[in-house]
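Source file: work.cif (mmCIF, C-alpha atoms)
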```cif
data_query
loop_
_atom_site.label_atom_id
_atom_site.label_comp_id
_atom_site.auth_asym_id
_atom_site.auth_seq_id
_atom_site.Cartn_x
_atom_site.Cartn_y
_atom_site.Cartn_z
CA MET I 767 -106.32 160.28 -45.87
CA ALA I 768 -107.21 157.85 -48.62
CA LYS I 769 -110.20 155.93 -49.85
CA ILE I 770 -109.77 152.18 -50.17
CA HIS I 771 -112.28 150.14 -52.16
CA LEU I 772 -113.25 146.56 -51.34
CA VAL I 773 -114.81 144.47 -54.11
CA SER I 774 -116.38 141.17 -53.15
CA CYS I 775 -115.41 137.89 -54.74
CA VAL I 776 -117.93 135.99 -56.84
CA ARG I 777 -118.75 132.33 -57.28
CA GLN I 778 -117.60 132.08 -60.90
CA LYS I 779 -113.84 131.60 -61.08
CA ASP I 780 -111.24 130.59 -63.60
CA SER I 781 -110.20 126.94 -63.30
CA ARG I 782 -106.52 127.71 -62.73
CA ALA I 783 -104.44 129.90 -60.45
CA ARG I 784 -104.44 133.51 -61.59
CA GLU I 785 -103.82 136.97 -60.22
CA ALA I 786 -106.86 137.61 -58.05
CA ARG I 787 -108.02 140.46 -60.33
CA ASP I 788 -108.30 137.88 -63.15
CA LEU I 789 -109.60 134.91 -61.14
CA TYR I 790 -113.22 136.04 -60.74
CA LEU I 791 -115.45 135.71 -63.79
CA SER I 792 -118.78 137.48 -63.60
CA ASP I 793 -120.20 140.56 -65.29
CA TRP I 794 -120.66 142.18 -61.88
CA PHE I 795 -117.03 141.61 -60.92
CA PHE I 796 -115.80 142.85 -64.31
CA LYS I 797 -117.82 146.06 -63.89
CA ALA I 798 -116.71 146.64 -60.29
CA ARG I 799 -113.09 146.04 -61.26
CA ALA I 800 -113.38 148.37 -64.25
CA TYR I 801 -114.86 151.06 -62.01
CA VAL I 802 -112.11 150.96 -59.37
CA GLU I 803 -109.31 150.61 -61.90
CA SER I 804 -110.60 153.36 -64.20
CA HIS I 805 -110.60 155.76 -61.23
CA ARG I 806 -107.19 154.45 -60.12
CA PHE I 807 -108.54 153.69 -56.65
CA ARG I 808 -106.51 151.49 -54.35
CA TRP I 809 -108.57 148.34 -54.01
CA PHE I 810 -108.68 144.87 -52.57
CA ILE I 811 -110.89 141.84 -53.00
CA LEU I 812 -113.10 140.59 -50.17
CA SER I 813 -112.61 136.83 -50.41
CA ALA I 814 -114.73 134.33 -48.50
CA LYS I 815 -111.69 132.08 -48.18
CA HIS I 816 -108.80 134.54 -47.80
CA GLY I 817 -110.34 137.66 -46.26
CA ILE I 818 -108.52 140.47 -48.05
CA LEU I 819 -106.71 139.74 -51.31
CA ASP I 820 -104.39 142.10 -53.12
CA PRO I 821 -105.59 142.08 -56.75
CA SER I 822 -102.11 141.12 -57.94
CA SER I 823 -101.72 138.13 -55.62
CA VAL I 824 -101.79 134.78 -57.39
CA THR I 825 -104.70 132.77 -56.05
CA GLU I 826 -105.96 129.23 -56.64
CA PRO I 827 -109.65 128.78 -57.43
CA TYR I 828 -111.81 127.83 -54.45
CA ASP I 829 -115.43 127.09 -53.67
CA MET I 830 -116.50 129.06 -50.61
CA THR I 831 -119.10 131.77 -50.01
CA LEU I 832 -120.38 133.73 -47.06
CA ASN I 833 -123.91 133.30 -48.40
CA THR I 834 -124.12 129.76 -46.98
CA MET I 835 -121.80 130.24 -44.01
CA ARG I 836 -123.16 130.13 -40.45
CA ILE I 837 -123.38 133.44 -38.62
CA ARG I 838 -120.62 132.56 -36.13
CA LEU I 839 -118.21 131.85 -38.98
CA ARG I 840 -119.23 135.07 -40.77
CA ARG I 841 -118.51 137.03 -37.60
CA GLU I 842 -115.08 135.37 -37.30
CA TRP I 843 -114.39 136.05 -40.97
CA ALA I 844 -115.32 139.74 -40.54
CA ALA I 845 -113.05 140.07 -37.50
CA GLY I 846 -110.19 138.61 -39.56
CA VAL I 847 -110.92 141.02 -42.42
CA ALA I 848 -110.88 143.95 -39.97
CA GLU I 849 -107.54 142.74 -38.59
CA GLN I 850 -106.08 142.48 -42.10
CA LEU I 851 -107.35 145.96 -42.97
CA GLY I 852 -105.89 147.35 -39.76
CA SER I 853 -102.43 146.73 -41.20
CA ILE I 854 -103.35 148.41 -44.51
CA LEU I 855 -105.39 151.45 -43.47
CA GLN I 856 -104.15 154.71 -42.02
CA PRO I 857 -105.99 156.96 -39.55
CA GLY I 858 -108.64 158.98 -41.36
CA ASP I 859 -109.00 156.57 -44.29
CA THR I 860 -112.38 155.77 -45.78
CA VAL I 861 -113.41 152.31 -46.93
CA ALA I 862 -115.91 151.97 -49.77
CA ILE I 863 -117.43 148.49 -49.90
CA LEU I 864 -118.75 147.15 -53.21
CA ALA I 865 -120.30 143.95 -51.93
CA GLY I 866 -123.57 142.32 -51.00
CA ALA I 867 -125.06 142.33 -47.51
CA ARG I 868 -123.40 139.13 -46.25
CA TYR I 869 -119.96 140.43 -47.12
CA ARG I 870 -120.62 143.78 -45.42
CA GLU I 871 -122.79 142.88 -42.46
CA PHE I 872 -120.11 142.59 -39.76
CA VAL I 873 -117.16 144.21 -41.52
CA THR I 874 -118.73 147.68 -41.49
CA GLY I 875 -119.21 147.64 -37.72
CA HIS I 876 -115.63 146.56 -37.08
CA LEU I 877 -114.28 149.28 -39.35
CA ARG I 878 -116.40 151.98 -37.74
CA GLU I 879 -115.33 150.83 -34.28
CA MET I 880 -111.73 151.14 -35.47
CA GLY I 881 -112.43 154.77 -36.43
CA TYR I 882 -112.70 154.47 -40.21
CA ALA I 883 -115.45 155.99 -42.31
CA VAL I 884 -117.37 153.41 -44.34
CA GLU I 885 -119.27 154.00 -47.56
CA VAL I 886 -121.63 151.56 -49.23
CA PRO I 887 -122.34 153.08 -52.66
CA MET I 888 -124.48 150.17 -53.87
#
```
As structure tokens, please, write out the structure in this file.
Amino acid sequence: MAKIHLVSCVRQKDSRAREARDLYLSDWFFKARAYVESHRFRWFILSAKHGILDPSSVTEPYDMTLNTMRIRLRREWAAGVAEQLGSILQPGDTVAILAGARYREFVTGHLREMGYAVEVPM
């Protein structure tokens, strides 16, 4: 059993393609990244455009947020995130979500229905 951390993307991004861990440019993201990396947690980025991003995957900048997305699209996005996580998680894993309400709202339900424990430490 493992604990996987999900850190949400942020609006501020570098202007060029970078590893996802280096693409996002906000104090909040820097602190969340420092937290998960200092504890050596396995982590992924919750991306409005890509769903789940491995922090080492090279990613182009984009302009998309769940904060302005219609509810139907947010539900579809969350289902896609749950599907992506289904190929990453193992039975008994826990998912800690470091993200605002819009990025958690439907993902947590999917994960719980799939049998995973979910923590929201913020």
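Coordinates place atom CA of I:Met888 at a distance of 22.0 Å from atom CA of I:Ala786.
With all atoms listed in the file as the basis for measurement, I:Glu849 is the residue among I:Asp793, I:Glu803, I:Glu849, I:Asp859 that approaches I:His876 most closely.
For the pair atom CA of I:Pro857 and atom CA of I:His805, the interatomic distance is 22.2 Å.
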Using only C-alpha atoms, what does the table of stretch 775-829 of chain I residues within 9 Å of stretch 840-847 of chain I look like, with each row giving the shortest atom pair and its distance in Å to one decimal, sorted by chain and ascending number, as JSON lines?
```
{"residue": "I:Leu812", "atom": "CA", "partner": "I:Val847", "partner_atom": "CA", "distance": 8.1}
{"residue": "I:Ala814", "atom": "CA", "partner": "I:Trp843", "partner_atom": "CA", "distance": 7.7}
{"residue": "I:Lys815", "atom": "CA", "partner": "I:Trp843", "partner_atom": "CA", "distance": 8.7}
{"residue": "I:His816", "atom": "CA", "partner": "I:Val847", "partner_atom": "CA", "distance": 8.7}
{"residue": "I:Gly817", "atom": "CA", "partner": "I:Val847", "partner_atom": "CA", "distance": 5.1}
{"residue": "I:Ile818", "atom": "CA", "partner": "I:Val847", "partner_atom": "CA", "distance": 6.1}
```
Just C-alpha atoms for this one: save the residues we selected as a JSON list (two decimals), in the coordinates of the input.
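Generated file (selection.json):
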```
[["chain", "number", "residue", "atom", "x", "y", "z"],
["I", 812, "LEU", "CA", -113.10, 140.59, -50.17],
["I", 814, "ALA", "CA", -114.73, 134.33, -48.50],
["I", 815, "LYS", "CA", -111.69, 132.08, -48.18],
["I", 816, "HIS", "CA", -108.80, 134.54, -47.80],
["I", 817, "GLY", "CA", -110.34, 137.66, -46.26],
["I", 818, "ILE", "CA", -108.52, 140.47, -48.05]]
```
Listed atoms of stretch 809-826 of chain I boxed along x, y and z, 5 Å each side, centre and edge lengths in Å, one decimal, as lines of an AutoDock Vina configuration file:
```
center_x = -108.2
center_y = 138.8
center_z = -52.1
size_x = 23.0
size_y = 29.1
size_z = 21.7
```
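Counting all atoms listed in the file and comparing I:Lys779, I:Arg784, I:Arg838, I:Arg808, the residue that lies closest to I:Ala862 is I:Arg808.
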Pick from I:Tyr790, I:Tyr869, I:Tyr882, I:Tyr801 nearest to I:Ile837, counting all atoms listed in the file:
I:Tyr869
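Of the residues under consideration (I:Leu789, I:Arg868, I:Leu855, I:Thr860), I:Arg868 shows the shortest atom-to-atom contact distance to I:Thr834 when counting only C-alpha atoms.
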Quick check on the file I pasted: which residues fall under the PyMOL selection byres ((chain I and resi 830) around 8)? Write them as a list in words.
Arg777, Ala814, Lys815, Tyr828, Asp829, Thr831 and Leu832 of chain I
A straight line from atom CA of I:Glu785 to atom CA of I:Val861 spans 22.4 Å
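Every protein or nucleic acid residue with an atom no more than 10 Å from I:Val802, counting all atoms listed in the file and leaving out same-chain residues fewer than 3 positions away, appears here: Ile770, His771, Leu772, Val773, Lys797, Ala798, Arg799, His805, Arg806, Phe807, Arg808, Trp809, Phe810 and Leu864 of chain I.
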If you count all atoms listed in the file, which residues fall within 12 Å of I:Glu879, apart from same-chain ones fewer than 6 positions away, as a VMD selection string?
chain I and resid 845 848 852 872 to 873
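When all atoms listed in the file are used to compute distances to I:Gln778, the closest of the residues I:Leu839, I:Leu791, I:Val824, I:Leu877 turns out to be I:Leu791.
Of the residues listed (I:Pro821, I:Gly866, I:Glu826, I:Arg787), I:Gly866 shows the shortest atom-to-atom separation from I:Ser774; distances use only C-alpha atoms.
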